[in-house]
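Next up, coords_17.tsv (TSV, C-alpha atoms):
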chain	number	residue	atom	x	y	z
A	1	MET	CA	0.00	0.00	0.00
A	2	ARG	CA	1.29	3.46	-0.89
A	3	ILE	CA	0.42	6.24	1.56
A	4	VAL	CA	1.05	9.80	0.37
A	5	VAL	CA	1.27	12.38	3.14
A	6	ILE	CA	0.98	15.95	1.86
A	7	ASP	CA	1.86	18.99	3.97
A	8	GLY	CA	3.12	22.53	3.66
A	9	GLN	CA	4.63	25.34	5.69
A	10	GLY	CA	6.86	23.61	8.30
A	11	GLY	CA	5.55	20.08	7.73
A	12	GLY	CA	4.41	19.66	11.35
A	13	PHE	CA	1.12	17.90	10.54
A	14	GLY	CA	2.79	15.47	8.18
A	15	ARG	CA	5.73	14.86	10.52
A	16	SER	CA	3.45	14.05	13.45
A	17	LEU	CA	1.27	11.78	11.34
A	18	ILE	CA	4.21	9.84	9.91
A	19	GLU	CA	5.73	9.43	13.38
A	20	ARG	CA	2.43	8.00	14.65
A	21	LEU	CA	2.09	5.67	11.68
A	22	ARG	CA	5.61	4.31	12.13
A	23	ALA	CA	5.12	3.99	15.90
A	24	GLY	CA	1.90	2.08	15.19
A	25	GLY	CA	3.81	-0.49	13.18
A	26	CYS	CA	3.04	0.76	9.67
A	27	SER	CA	5.50	-0.80	7.25
A	28	CYS	CA	3.73	0.53	4.17
A	29	GLU	CA	5.48	2.80	1.71
A	30	ILE	CA	4.98	6.37	2.94
A	31	ILE	CA	5.71	9.12	0.43
A	32	ALA	CA	6.22	12.58	1.92
A	33	VAL	CA	5.10	15.31	-0.47
A	34	GLY	CA	5.73	18.84	0.68
A	35	THR	CA	4.57	22.04	-0.88
A	36	ASN	CA	8.04	23.30	0.07
A	37	ALA	CA	11.43	21.79	0.95
A	38	ALA	CA	11.08	22.44	4.69
A	39	ALA	CA	7.85	20.44	4.86
A	40	THR	CA	9.34	17.57	2.86
A	41	GLY	CA	12.45	17.55	5.05
A	42	ALA	CA	10.45	17.42	8.28
A	43	MET	CA	8.42	14.48	7.01
A	44	MET	CA	11.52	12.63	5.79
A	45	LYS	CA	13.08	12.95	9.25
A	46	ALA	CA	9.90	11.42	10.70
A	47	GLY	CA	10.43	8.19	8.75
A	48	ALA	CA	8.95	8.61	5.29
A	49	SER	CA	10.15	6.11	2.68
A	50	ALA	CA	10.74	8.80	0.06
A	51	GLY	CA	9.99	12.46	-0.47
A	52	ALA	CA	9.28	14.99	-3.19
A	53	THR	CA	8.47	18.67	-3.26
A	54	GLY	CA	6.20	20.96	-5.23
A	55	GLU	CA	3.09	21.11	-7.34
A	56	ASN	CA	4.09	18.44	-9.85
A	57	ALA	CA	5.05	16.06	-7.02
A	58	VAL	CA	1.54	16.41	-5.57
A	59	ILE	CA	-0.09	15.85	-8.96
A	60	VAL	CA	2.00	12.78	-9.84
A	61	ASN	CA	1.84	11.12	-6.43
A	62	ALA	CA	-1.90	11.74	-5.98
A	63	ARG	CA	-2.47	9.53	-9.05
A	64	ARG	CA	-0.34	6.72	-7.60
A	65	ALA	CA	-1.61	6.76	-4.02
A	66	ASP	CA	-3.79	4.24	-2.26
A	67	VAL	CA	-4.26	6.66	0.66
A	68	ILE	CA	-3.71	10.43	0.75
A	69	ALA	CA	-3.42	12.12	4.11
A	70	GLY	CA	-2.80	15.65	5.27
A	71	PRO	CA	-4.46	18.80	6.53
A	72	MET	CA	-7.90	19.63	5.14
A	73	GLY	CA	-6.35	22.42	3.08
A	74	ILE	CA	-4.92	19.97	0.56
A	75	VAL	CA	-8.33	19.84	-1.12
A	76	LEU	CA	-8.91	23.60	-0.95
A	77	ALA	CA	-7.45	25.73	-3.73
A	78	ASN	CA	-5.17	28.53	-2.54
A	79	SER	CA	-5.22	27.33	1.07
A	80	MET	CA	-2.25	26.94	3.41
A	81	LEU	CA	-1.29	30.60	2.88
A	82	GLY	CA	-1.40	30.03	-0.87
A	83	GLU	CA	0.89	26.98	-0.87
A	84	CYS	CA	-1.85	24.66	-2.13
A	85	SER	CA	-2.45	25.64	-5.74
A	86	PRO	CA	-5.72	24.96	-7.55
A	87	ALA	CA	-3.95	22.22	-9.55
A	88	MET	CA	-2.79	20.52	-6.33
A	89	ALA	CA	-6.23	20.64	-4.75
A	90	LEU	CA	-7.80	19.25	-7.93
A	91	ALA	CA	-5.27	16.42	-8.15
A	92	VAL	CA	-6.00	15.37	-4.57
A	93	ALA	CA	-9.76	15.73	-4.94
A	94	GLU	CA	-9.85	13.73	-8.19
A	95	SER	CA	-7.52	10.98	-7.00
A	96	PRO	CA	-9.21	7.60	-6.52
A	97	ALA	CA	-7.20	7.19	-3.29
A	98	ARG	CA	-8.88	7.14	0.10
A	99	LYS	CA	-8.42	10.53	1.72
A	100	VAL	CA	-7.81	11.03	5.43
A	101	LEU	CA	-8.01	14.76	6.11
A	102	ILE	CA	-7.09	16.47	9.36
A	103	PRO	CA	-9.47	19.35	10.12
A	104	VAL	CA	-7.70	22.65	10.63
A	105	SER	CA	-9.56	25.82	11.51
A	106	LYS	CA	-6.87	27.96	9.80
A	107	CYS	CA	-8.33	26.93	6.45
A	108	GLY	CA	-11.46	28.96	7.16
A	109	VAL	CA	-13.69	25.88	6.95
A	110	GLN	CA	-15.70	24.35	9.76
A	111	ILE	CA	-17.20	20.90	9.49
A	112	ALA	CA	-20.64	20.64	11.06
A	113	GLY	CA	-20.99	17.90	13.65
A	114	LEU	CA	-17.24	17.64	14.22
A	115	PRO	CA	-16.22	18.30	17.81
A	116	GLU	CA	-13.45	20.79	18.52
A	117	LEU	CA	-10.49	18.65	19.59
A	118	PRO	CA	-6.82	19.39	20.16
A	119	LEU	CA	-4.76	18.90	17.01
A	120	ALA	CA	-2.89	15.95	18.55
A	121	GLU	CA	-6.18	14.06	18.89
A	122	TYR	CA	-7.09	14.70	15.24
A	123	ILE	CA	-3.67	13.43	14.17
A	124	ALA	CA	-4.00	10.35	16.39
A	125	ASP	CA	-7.40	9.61	14.86
A	126	ALA	CA	-6.03	10.06	11.34
A	127	ALA	CA	-3.19	7.63	12.12
A	128	ARG	CA	-5.65	5.11	13.55
A	129	ARG	CA	-7.81	5.28	10.43
A	130	ILE	CA	-4.83	4.84	8.11
A	131	LEU	CA	-3.44	1.94	10.13
A	132	ALA	CA	-6.85	0.26	9.85
A	133	LEU	CA	-6.60	0.53	6.05
A	134	CYS	CA	-3.09	-1.06	5.94

Any chance you could give the structure as structure tokens?
Amino acid sequence: MRIVVIDGQGGGFGRSLIERLRAGGCSCEIIAVGTNAAATGAMMKAGASAGATGENAVIVNARRADVIAGPMGIVLANSMLGECSPAMALAVAESPARKVLIPVSKCGVQIAGLPELPLAEYIADAARRILALC
């Protein structure tokens, strides 16, 4: 199974998720795709199998993924302070992969019925869901 973790800015969401997946025994291929080099680097240090950076990396790896994970902004054009381009958001949204999105209020979107939890709990839940798919 190929898991693609997409993150931007400092890569903190992706880093934490990859650490939890590896700690949970995930031996699947995890591809770290950052919108910038800092995000990719942080995810690689967390234990990703491979990494790539930029818009084309998101587009290519979204097509090849079995699971795509990251902050909710990866499906919202121009989110993450503009780091997620419309082409990136479209590639993720159109991918046949299962998507595990971490809700983030910074994206300006609220999901009805979703309780407000600390970020660490959202990341733990995302890791649990992905591990169940492996």

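Using all atoms listed in the file for every distance, the candidate list A:Ala77, A:Ala46, A:Ala32, A:Leu101 yields A:Ala32 as the residue closest to Asn61 (chain A).
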
Expected answer as a ChimeraX atom specification: all residues with atoms within 12 Å of (-5.6, 5.0, 15.9), only C-alpha atoms: /A:17,20-26,120-134

Within 12 Å of Arg98 (chain A), counting all atoms listed in the file, which residues qualify if same-chain residues fewer than 2 places away don't, as a list in words? Met1, Arg2, Ile3, Val4, Val5, Ala62, Arg63, Arg64, Ala65, Asp66, Val67, Ile68, Ala69, Gly70, Val92, Ala93, Glu94, Ser95, Pro96, Val100, Leu101, Ala126, Arg129, Ile130, Leu133 and Cys134 of chain A

Could you state the separation of CA of Gly14 (chain A) and CA of Leu81 (chain A) in Å, given to one decimal place? 16.5 Å

Which residues come within 9 Å of Ser85 (chain A), counting all atoms listed in the file, excluding same-chain residues fewer than 6 positions away, as a list in words?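 Using all atoms listed in the file, the neighbours found are Glu55, Ile74, Leu76, Ala77, Asn78 and Ser79 of chain A.
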
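Using all atoms listed in the file for every distance, the candidate list A:Ile102, A:Ile6, A:Met72, A:Leu90 yields A:Ile6 as the residue closest to Ala48 (chain A).
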
Dig up all the protein and nucleic acid residues within 6 Å of (6.2, 17.5, 3.8) in the file frame, using all atoms listed in the file, and format them as an MDAnalysis selection string. chainID A and resid 6:8 11 14 32:34 39:40 43

Looking at A:Ile31, A:Ala38, A:Ala89, A:Val60, which one is nearest to Val75 (chain A), with distances taken over all atoms listed in the file?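 So, comparing all the options, the nearest one is A:Ala89.
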
What is the distance, in Å and to one decimal place, between CA of Asn36 (chain A) and CA of Gln110 (chain A)? 25.7 Å

State, in Å with one decimal place, the distance from CA of Ala97 (chain A) to CA of Ala57 (chain A).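 Atom-to-atom, CA of Ala97 (chain A) and CA of Ala57 (chain A) are spaced 15.6 Å apart.
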
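Distance check against Gly41 (chain A) using all atoms listed in the file: of A:Gly10, A:Pro86, A:Pro103, A:Pro115, the minimum falls on A:Gly10.
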
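With all atoms listed in the file as the basis for measurement, A:Val104 is the residue among A:Ile18, A:Val104, A:Leu114, A:Ala50 that approaches Met80 (chain A) most closely.
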